[in-house]
Amino acid sequence: MIKVTFIEHNGTVHTVDGEPGQTLMETAVKHAVPGIVAECGGACSCATCHVYVDDMWKEKTGGPSEMEEDMLDFAFDVRASSRLSCQIRLKPELDGLVVRIPEFQN
Amino acid sequence: MVLDMFVGTGAGGEPAEIQTDALIIGAGPVGLFAVFELGLVDIKAHVIDILEKPGGQCAELYPEKPIYDIPAHPTITGQALTDRLLEQARPFEPTFHFGQRVESLRKTDDGFEVETDLGTRFRAKVVVIAAGGGSFTPKRPPLAGIEAYEGASVFYAVRKIDAFRDRAVVIAGGGDSALDWTLNLQPVAKSVTLIHRRDEFRAAPDSVNKLRELLAVGSIRFIQGQLTKLNGDGGALRSVTIRGPVGGVELEYDVEAERLLPFFGLTMKLGPIANWGLNLDENQIAVDTARFETSEPGIFAIGDINIYPGKLKLILSGFHEAALMAQAAQKIVFPGKRSVFQYTTSSSSLQRKLGVI
Ligand SMILES: Cc1cc2nc3c(=O)[nH]c(=O)nc-3n(C[C@H](O)[C@H](O)[C@H](O)COP(=O)(O)OP(=O)(O)OC[C@H]3O[C@@H](n4cnc5c(N)ncnc54)[C@H](O)[C@@H]3O)c2cc1C
Ligand code: FES
């Protein structure tokens, strides 16, 4: 099991169990974490699974691919820490991962 | 994405009223296969879609992604499936009307009257709603109070160039729509400012080159940043607030804007279908499973848009629904005609229709 923490815009914290190979978006949806809409079901074609990766985790998650960077253009309030959670695949090194959910999913 | 390309006024040279046996609303995979199934029973179809291209979700949302559950195609991409369906429908010569949204559907004495937002009118004996998750509609950025400006100062498509003439225009986004309109409005507007979160554009290389040329000579302005606020009153926009890097620091500042065109992609919305007097069940049209007909005889609903006990929103379910719908539609379009069950493998009549003999 890989523990991941989602922090909502209003501060509510959700720490849930993910599985290796699952995406961060799938983990959020499975545990009904509010604020991850994932309209396209993980196809990297909607930008409604936007999260901010906490600074200390950026190295381990890596940055967005070119396709993801393009799709981030459709997100709102994009920052240097922005990622699409359907493009982050869980692996043992990500145990303890903390991400924040933006106020709006565009 | 060419959804918002200028489509001309009115119906762009189309006849005032188009007569057809069947009118299909939605050119997604299920609408396309309906052309084929209707064709086999001699029913000609016109197809309308708000997108500028066929394929619905498959072409708009996941053209490059492989689908693994299309029978006999262990793997096929969304775009390849669309191309194959078009090829299969070709013998029946469907007429496509792209870039138009069906607004109204009305019963008449001898069928139905349908009208699009561009004013194209159709008279059809049967109507097939294959509208999937609804119309692909531009996304509204979550800016406070934006609704009040829509239609007056904020637009998601350019329908009338004159609305932008001699105005301070701000365009937000970095794709083809944003760049096309930056280039097309530049000669007409008082000023054009393009706002995008990065100095990179996922648009046709030709447009990017033209943009860079105009930037170099100062005909347009580019600001790296993101919209945070709209300023104005009574629907009249005065300026937009932008947050972005200025000389290495993040700042918030206002930029004059009488018109704003935000281009942040598309999402699916049920749209006018809700007003057509059909029985709906949570945004889906209720149908029977023998004919896939709605509460209104002669109006069918197939694919993702319909609902019945056991419904699975899969492409293959939509294909099955199209086949049964066509059988039922035949009885309305050709009353009294005896229908004979035939296989495409062995029926010379079907093969003649398909143009293979
Ligand atoms: C990322 C993703 C992956 C998927 N993977 C699979 C898979 O592996 N297997 C599978 O079987 N299914 C899959 N699906 C689902 C599949 O794409 C849908 O079941 C299918 O597209 C439904 O087809 P449709 O023709 O009913 O509707 P759609 O594809 O939604 O097309 C409907 C069309 O109608 C148009 N329209 C609607 N209302 C109007 C109007 N008023 N006027 C004009 N035009 C209108 C819309 O613009 C749209 O183009 C996937 C979906 C997504 C998003
Ligand atoms: S779920 Fe649509 S981009 Fe991630």
# chains A, B, ... in the order shown; residues from 1 in each chain; ligands from 1
>>> residues_near_ligand(ligand="ligand 1", cutoff="7 Å", atoms="only C-alpha atoms and all ligand atoms", output="ChimeraX atom specification")
/A:40-43 /B:25-31,48-51,54-58,61-62,67-70,100-103,130-136,270-273,302-305,313-316,318
>>> write_last_selection(atoms="C-alpha atoms", output="compact mmCIF listing (two decimals), in the first residue's frame")
# COMPACT_ATOMS: atom_id res chain seq x y z
CA CYS A 40 -12.11 12.23 -19.36
CA GLY A 41 -11.37 9.26 -17.14
CA GLY A 42 -7.60 9.61 -17.31
CA ALA A 43 -7.02 10.20 -21.00
CA ILE B 25 -28.18 14.47 -34.34
CA GLY B 26 -24.55 13.76 -33.44
CA ALA B 27 -21.71 12.46 -35.61
CA GLY B 28 -20.05 10.37 -32.89
CA PRO B 29 -19.26 6.69 -33.50
CA VAL B 30 -22.88 5.71 -32.92
CA GLY B 31 -24.32 8.38 -35.24
CA ILE B 48 -25.53 17.36 -37.75
CA ASP B 49 -22.77 17.97 -35.21
CA ILE B 50 -21.64 21.04 -33.35
CA LEU B 51 -18.03 19.95 -33.82
CA PRO B 54 -16.95 13.58 -37.21
CA GLY B 55 -16.10 11.13 -34.43
CA GLY B 56 -17.62 12.64 -31.27
CA GLN B 57 -15.72 11.75 -28.10
CA CYS B 58 -13.42 9.35 -29.98
CA LEU B 61 -11.17 13.49 -26.55
CA TYR B 62 -8.96 10.53 -27.37
CA ILE B 67 -9.66 1.21 -27.58
CA TYR B 68 -9.49 -2.48 -26.71
CA ASP B 69 -13.13 -3.54 -26.70
CA ILE B 70 -14.36 -3.00 -30.24
CA GLN B 100 -24.08 23.64 -35.99
CA ARG B 101 -25.99 22.87 -32.87
CA VAL B 102 -29.53 21.54 -33.07
CA GLU B 103 -31.67 23.90 -31.05
CA ALA B 130 -27.09 10.14 -31.15
CA ALA B 131 -25.95 13.06 -29.03
CA GLY B 132 -23.66 11.15 -26.64
CA GLY B 133 -22.85 13.20 -23.56
CA GLY B 134 -24.41 16.26 -25.19
CA SER B 135 -22.98 19.10 -27.23
CA PHE B 136 -19.29 19.78 -27.03
CA LEU B 270 -26.71 18.25 -22.56
CA GLY B 271 -27.82 21.56 -24.06
CA PRO B 272 -31.13 22.09 -25.88
CA ILE B 273 -32.09 18.38 -25.81
CA ILE B 302 -29.04 5.63 -29.42
CA GLY B 303 -25.55 5.57 -27.92
CA ASP B 304 -24.43 7.32 -24.74
CA ILE B 305 -27.45 9.65 -24.70
CA LYS B 313 -22.17 3.30 -22.11
CA LEU B 314 -19.99 1.47 -24.59
CA ILE B 315 -19.50 1.97 -28.29
CA LEU B 316 -20.50 -1.60 -29.01
CA GLY B 318 -24.50 1.88 -29.47
>>> interface_residues(of="chain B", to="chain A", cutoff="12 Å", atoms="only C-alpha atoms", output="number ranges by chain")
B: 57-67, 78, 133, 138-144, 172-176, 178, 195-203, 225-229, 242-245, 250, 262-269
>>> residues_around(residues="region 82-96 of chain A", least_positions_apart="6", cutoff="7 Å", atoms="only C-alpha atoms", output="JSON, numbers by chain")
{"A": [2, 3, 4, 19, 20, 21, 22, 23, 24, 25, 26, 42, 44, 47, 49, 50, 51, 52, 53, 60, 61, 64, 68]}
>>> select_by_dssp(residues="region 166-257 of chain B", states="strand (DSSP E)", output="count of residues only")
42
>>> atom_distance(atom1="CA of Phe292 (chain B)", atom2="CA of Val127 (chain B)")
11.7 Å
>>> residues_around(residues="Leu23 (chain B)", least_positions_apart="6", cutoff="9 Å", atoms="only C-alpha atoms", output="PDB file with N, CA, C and O atoms, in the first residue's frame")
ATOM      1  N   LYS B  44     -31.936   7.320 -46.335  1.00  0.00           N
ATOM      2  CA  LYS B  44     -30.847   8.293 -46.478  1.00  0.00           C
ATOM      3  C   LYS B  44     -30.843   9.224 -45.276  1.00  0.00           C
ATOM      4  O   LYS B  44     -31.885   9.557 -44.728  1.00  0.00           O
ATOM      5  N   ALA B  45     -29.641   9.653 -44.899  1.00  0.00           N
ATOM      6  CA  ALA B  45     -29.549  10.452 -43.681  1.00  0.00           C
ATOM      7  C   ALA B  45     -28.722  11.721 -43.855  1.00  0.00           C
ATOM      8  O   ALA B  45     -27.757  11.754 -44.618  1.00  0.00           O
ATOM      9  N   HIS B  46     -29.149  12.753 -43.151  1.00  0.00           N
ATOM     10  CA  HIS B  46     -28.331  13.942 -42.932  1.00  0.00           C
ATOM     11  C   HIS B  46     -27.851  13.871 -41.480  1.00  0.00           C
ATOM     12  O   HIS B  46     -28.579  13.398 -40.610  1.00  0.00           O
ATOM     13  N   VAL B  47     -26.633  14.342 -41.244  1.00  0.00           N
ATOM     14  CA  VAL B  47     -26.057  14.253 -39.897  1.00  0.00           C
ATOM     15  C   VAL B  47     -25.582  15.641 -39.468  1.00  0.00           C
ATOM     16  O   VAL B  47     -24.893  16.325 -40.235  1.00  0.00           O
ATOM     17  N   ILE B  48     -25.941  16.039 -38.255  1.00  0.00           N
ATOM     18  CA  ILE B  48     -25.533  17.362 -37.747  1.00  0.00           C
ATOM     19  C   ILE B  48     -24.641  17.183 -36.525  1.00  0.00           C
ATOM     20  O   ILE B  48     -24.920  16.352 -35.666  1.00  0.00           O
ATOM     21  N   VAL B 114     -36.690  20.374 -37.587  1.00  0.00           N
ATOM     22  CA  VAL B 114     -35.516  20.562 -36.730  1.00  0.00           C
ATOM     23  C   VAL B 114     -34.818  21.828 -37.182  1.00  0.00           C
ATOM     24  O   VAL B 114     -34.732  22.095 -38.390  1.00  0.00           O
ATOM     25  N   PHE B 122     -34.576  21.582 -41.155  1.00  0.00           N
ATOM     26  CA  PHE B 122     -34.717  20.250 -41.734  1.00  0.00           C
ATOM     27  C   PHE B 122     -36.140  19.767 -41.525  1.00  0.00           C
ATOM     28  O   PHE B 122     -36.753  20.047 -40.492  1.00  0.00           O
ATOM     29  N   ARG B 123     -36.628  19.001 -42.512  1.00  0.00           N
ATOM     30  CA  ARG B 123     -37.858  18.246 -42.317  1.00  0.00           C
ATOM     31  C   ARG B 123     -37.500  16.777 -42.474  1.00  0.00           C
ATOM     32  O   ARG B 123     -36.922  16.383 -43.486  1.00  0.00           O
ATOM     33  N   ALA B 124     -37.814  15.982 -41.471  1.00  0.00           N
ATOM     34  CA  ALA B 124     -37.398  14.585 -41.486  1.00  0.00           C
ATOM     35  C   ALA B 124     -38.552  13.685 -41.090  1.00  0.00           C
ATOM     36  O   ALA B 124     -39.422  14.087 -40.309  1.00  0.00           O
ATOM     37  N   LYS B 125     -38.542  12.468 -41.669  1.00  0.00           N
ATOM     38  CA  LYS B 125     -39.590  11.517 -41.295  1.00  0.00           C
ATOM     39  C   LYS B 125     -39.268  10.881 -39.947  1.00  0.00           C
ATOM     40  O   LYS B 125     -40.166  10.587 -39.162  1.00  0.00           O
ATOM     41  N   VAL B 126     -37.989  10.624 -39.709  1.00  0.00           N
ATOM     42  CA  VAL B 126     -37.575  10.136 -38.387  1.00  0.00           C
ATOM     43  C   VAL B 126     -36.349  10.925 -37.920  1.00  0.00           C
ATOM     44  O   VAL B 126     -35.563  11.407 -38.730  1.00  0.00           O
ATOM     45  N   VAL B 127     -36.213  11.041 -36.611  1.00  0.00           N
ATOM     46  CA  VAL B 127     -35.060  11.733 -36.033  1.00  0.00           C
ATOM     47  C   VAL B 127     -34.333  10.744 -35.129  1.00  0.00           C
ATOM     48  O   VAL B 127     -34.965  10.029 -34.339  1.00  0.00           O
ATOM     49  N   VAL B 128     -33.024  10.681 -35.296  1.00  0.00           N
ATOM     50  CA  VAL B 128     -32.212   9.786 -34.475  1.00  0.00           C
ATOM     51  C   VAL B 128     -31.291  10.653 -33.619  1.00  0.00           C
ATOM     52  O   VAL B 128     -30.416  11.335 -34.140  1.00  0.00           O
ATOM     53  N   ILE B 129     -31.519  10.640 -32.327  1.00  0.00           N
ATOM     54  CA  ILE B 129     -30.665  11.429 -31.435  1.00  0.00           C
ATOM     55  C   ILE B 129     -29.486  10.543 -31.007  1.00  0.00           C
ATOM     56  O   ILE B 129     -29.669   9.560 -30.294  1.00  0.00           O
TER      57      ILE B 129
END
>>> select_by_dssp(residues="region 67-219 of chain B", states="alpha helix (DSSP H)", output="ChimeraX atom specification")
/B:78-89,176-185,205-216
>>> closest_residue(among="A:Met56, A:Gly62, A:Val29, A:Leu97", to="ligand 2", atoms="only C-alpha atoms and all ligand atoms")
A:Val29
>>> atom_distance(atom1="CA of Leu324 (chain B)", atom2="CA of Gln284 (chain B)")
18.9 Å
>>> closest_residue(among="B:Ala290, B:Val35, B:Leu280, B:Leu179", to="Ile220 (chain B)", atoms="only C-alpha atoms")
B:Leu179
>>> decode(residues="region 69-80 of chain A", atoms="all heavy atoms", output="PDB file, in the first residue's frame")
ATOM      1  N   GLU A  69       1.788  18.918 -20.323  1.00  0.00           N
ATOM      2  CA  GLU A  69       2.035  20.372 -20.273  1.00  0.00           C
ATOM      3  C   GLU A  69       1.037  21.088 -21.196  1.00  0.00           C
ATOM      4  O   GLU A  69       0.452  22.113 -20.830  1.00  0.00           O
ATOM      5  CB  GLU A  69       3.481  20.635 -20.718  1.00  0.00           C
ATOM      6  CG  GLU A  69       3.991  22.034 -20.462  1.00  0.00           C
ATOM      7  CD  GLU A  69       4.233  22.335 -18.985  1.00  0.00           C
ATOM      8  OE1 GLU A  69       5.195  21.834 -18.390  1.00  0.00           O
ATOM      9  OE2 GLU A  69       3.414  23.093 -18.449  1.00  0.00           O
ATOM     10  N   ASP A  70       0.797  20.525 -22.370  1.00  0.00           N
ATOM     11  CA  ASP A  70      -0.176  21.107 -23.303  1.00  0.00           C
ATOM     12  C   ASP A  70      -1.571  21.115 -22.687  1.00  0.00           C
ATOM     13  O   ASP A  70      -2.320  22.088 -22.809  1.00  0.00           O
ATOM     14  CB  ASP A  70      -0.239  20.298 -24.604  1.00  0.00           C
ATOM     15  CG  ASP A  70       0.937  20.603 -25.526  1.00  0.00           C
ATOM     16  OD1 ASP A  70       1.705  21.532 -25.201  1.00  0.00           O
ATOM     17  OD2 ASP A  70       1.091  19.911 -26.543  1.00  0.00           O
ATOM     18  N   MET A  71      -1.922  20.021 -22.031  1.00  0.00           N
ATOM     19  CA  MET A  71      -3.266  19.926 -21.458  1.00  0.00           C
ATOM     20  C   MET A  71      -3.408  20.865 -20.260  1.00  0.00           C
ATOM     21  O   MET A  71      -4.490  21.382 -20.004  1.00  0.00           O
ATOM     22  CB  MET A  71      -3.536  18.466 -21.075  1.00  0.00           C
ATOM     23  CG  MET A  71      -4.984  18.104 -20.843  1.00  0.00           C
ATOM     24  SD  MET A  71      -6.225  18.845 -21.923  1.00  0.00           S
ATOM     25  CE  MET A  71      -5.754  18.177 -23.511  1.00  0.00           C
ATOM     26  N   LEU A  72      -2.311  21.117 -19.552  1.00  0.00           N
ATOM     27  CA  LEU A  72      -2.360  22.051 -18.421  1.00  0.00           C
ATOM     28  C   LEU A  72      -2.773  23.460 -18.869  1.00  0.00           C
ATOM     29  O   LEU A  72      -3.254  24.257 -18.070  1.00  0.00           O
ATOM     30  CB  LEU A  72      -1.012  22.098 -17.696  1.00  0.00           C
ATOM     31  CG  LEU A  72      -0.767  20.973 -16.680  1.00  0.00           C
ATOM     32  CD1 LEU A  72       0.699  20.939 -16.247  1.00  0.00           C
ATOM     33  CD2 LEU A  72      -1.667  21.134 -15.450  1.00  0.00           C
ATOM     34  N   ASP A  73      -2.601  23.743 -20.162  1.00  0.00           N
ATOM     35  CA  ASP A  73      -3.065  25.037 -20.689  1.00  0.00           C
ATOM     36  C   ASP A  73      -4.559  25.223 -20.468  1.00  0.00           C
ATOM     37  O   ASP A  73      -5.062  26.332 -20.455  1.00  0.00           O
ATOM     38  CB  ASP A  73      -2.789  25.130 -22.201  1.00  0.00           C
ATOM     39  CG  ASP A  73      -1.324  25.380 -22.505  1.00  0.00           C
ATOM     40  OD1 ASP A  73      -0.563  25.638 -21.560  1.00  0.00           O
ATOM     41  OD2 ASP A  73      -0.955  25.309 -23.687  1.00  0.00           O
ATOM     42  N   PHE A  74      -5.297  24.130 -20.335  1.00  0.00           N
ATOM     43  CA  PHE A  74      -6.749  24.202 -20.154  1.00  0.00           C
ATOM     44  C   PHE A  74      -7.146  24.260 -18.677  1.00  0.00           C
ATOM     45  O   PHE A  74      -8.314  24.358 -18.341  1.00  0.00           O
ATOM     46  CB  PHE A  74      -7.445  22.995 -20.799  1.00  0.00           C
ATOM     47  CG  PHE A  74      -7.388  23.000 -22.302  1.00  0.00           C
ATOM     48  CD1 PHE A  74      -7.436  21.812 -23.014  1.00  0.00           C
ATOM     49  CD2 PHE A  74      -7.313  24.188 -23.005  1.00  0.00           C
ATOM     50  CE1 PHE A  74      -7.404  21.814 -24.400  1.00  0.00           C
ATOM     51  CE2 PHE A  74      -7.283  24.204 -24.392  1.00  0.00           C
ATOM     52  CZ  PHE A  74      -7.324  23.007 -25.095  1.00  0.00           C
ATOM     53  N   ALA A  75      -6.174  24.164 -17.786  1.00  0.00           N
ATOM     54  CA  ALA A  75      -6.477  24.198 -16.355  1.00  0.00           C
ATOM     55  C   ALA A  75      -6.494  25.655 -15.880  1.00  0.00           C
ATOM     56  O   ALA A  75      -6.075  26.561 -16.598  1.00  0.00           O
ATOM     57  CB  ALA A  75      -5.454  23.398 -15.575  1.00  0.00           C
ATOM     58  N   PHE A  76      -6.977  25.863 -14.671  1.00  0.00           N
ATOM     59  CA  PHE A  76      -7.085  27.214 -14.112  1.00  0.00           C
ATOM     60  C   PHE A  76      -6.079  27.352 -12.977  1.00  0.00           C
ATOM     61  O   PHE A  76      -5.854  26.398 -12.232  1.00  0.00           O
ATOM     62  CB  PHE A  76      -8.518  27.418 -13.612  1.00  0.00           C
ATOM     63  CG  PHE A  76      -8.828  28.844 -13.302  1.00  0.00           C
ATOM     64  CD1 PHE A  76      -8.975  29.770 -14.329  1.00  0.00           C
ATOM     65  CD2 PHE A  76      -8.967  29.273 -11.997  1.00  0.00           C
ATOM     66  CE1 PHE A  76      -9.268  31.100 -14.059  1.00  0.00           C
ATOM     67  CE2 PHE A  76      -9.257  30.605 -11.715  1.00  0.00           C
ATOM     68  CZ  PHE A  76      -9.409  31.515 -12.747  1.00  0.00           C
ATOM     69  N   ASP A  77      -5.495  28.532 -12.821  1.00  0.00           N
ATOM     70  CA  ASP A  77      -4.513  28.797 -11.770  1.00  0.00           C
ATOM     71  C   ASP A  77      -3.383  27.753 -11.789  1.00  0.00           C
ATOM     72  O   ASP A  77      -3.129  27.051 -10.815  1.00  0.00           O
ATOM     73  CB  ASP A  77      -5.204  28.826 -10.394  1.00  0.00           C
ATOM     74  CG  ASP A  77      -4.310  29.433  -9.325  1.00  0.00           C
ATOM     75  OD1 ASP A  77      -3.214  29.913  -9.669  1.00  0.00           O
ATOM     76  OD2 ASP A  77      -4.699  29.406  -8.143  1.00  0.00           O
ATOM     77  N   VAL A  78      -2.717  27.684 -12.922  1.00  0.00           N
ATOM     78  CA  VAL A  78      -1.616  26.740 -13.090  1.00  0.00           C
ATOM     79  C   VAL A  78      -0.354  27.322 -12.454  1.00  0.00           C
ATOM     80  O   VAL A  78      -0.082  28.512 -12.586  1.00  0.00           O
ATOM     81  CB  VAL A  78      -1.377  26.467 -14.595  1.00  0.00           C
ATOM     82  CG1 VAL A  78      -0.246  25.481 -14.796  1.00  0.00           C
ATOM     83  CG2 VAL A  78      -2.661  25.955 -15.236  1.00  0.00           C
ATOM     84  N   ARG A  79       0.352  26.485 -11.707  1.00  0.00           N
ATOM     85  CA  ARG A  79       1.581  26.940 -11.038  1.00  0.00           C
ATOM     86  C   ARG A  79       2.739  26.020 -11.405  1.00  0.00           C
ATOM     87  O   ARG A  79       2.524  25.008 -12.070  1.00  0.00           O
ATOM     88  CB  ARG A  79       1.401  26.915  -9.521  1.00  0.00           C
ATOM     89  CG  ARG A  79       0.193  27.721  -9.091  1.00  0.00           C
ATOM     90  CD  ARG A  79      -0.027  27.618  -7.599  1.00  0.00           C
ATOM     91  NE  ARG A  79      -1.331  28.168  -7.258  1.00  0.00           N
ATOM     92  CZ  ARG A  79      -1.914  28.007  -6.084  1.00  0.00           C
ATOM     93  NH1 ARG A  79      -1.313  27.319  -5.127  1.00  0.00           N
ATOM     94  NH2 ARG A  79      -3.101  28.521  -5.857  1.00  0.00           N
ATOM     95  N   ALA A  80       3.919  26.366 -10.912  1.00  0.00           N
ATOM     96  CA  ALA A  80       5.096  25.554 -11.226  1.00  0.00           C
ATOM     97  C   ALA A  80       4.924  24.131 -10.687  1.00  0.00           C
ATOM     98  O   ALA A  80       5.501  23.179 -11.208  1.00  0.00           O
ATOM     99  CB  ALA A  80       6.341  26.201 -10.637  1.00  0.00           C
TER     100      ALA A  80
END
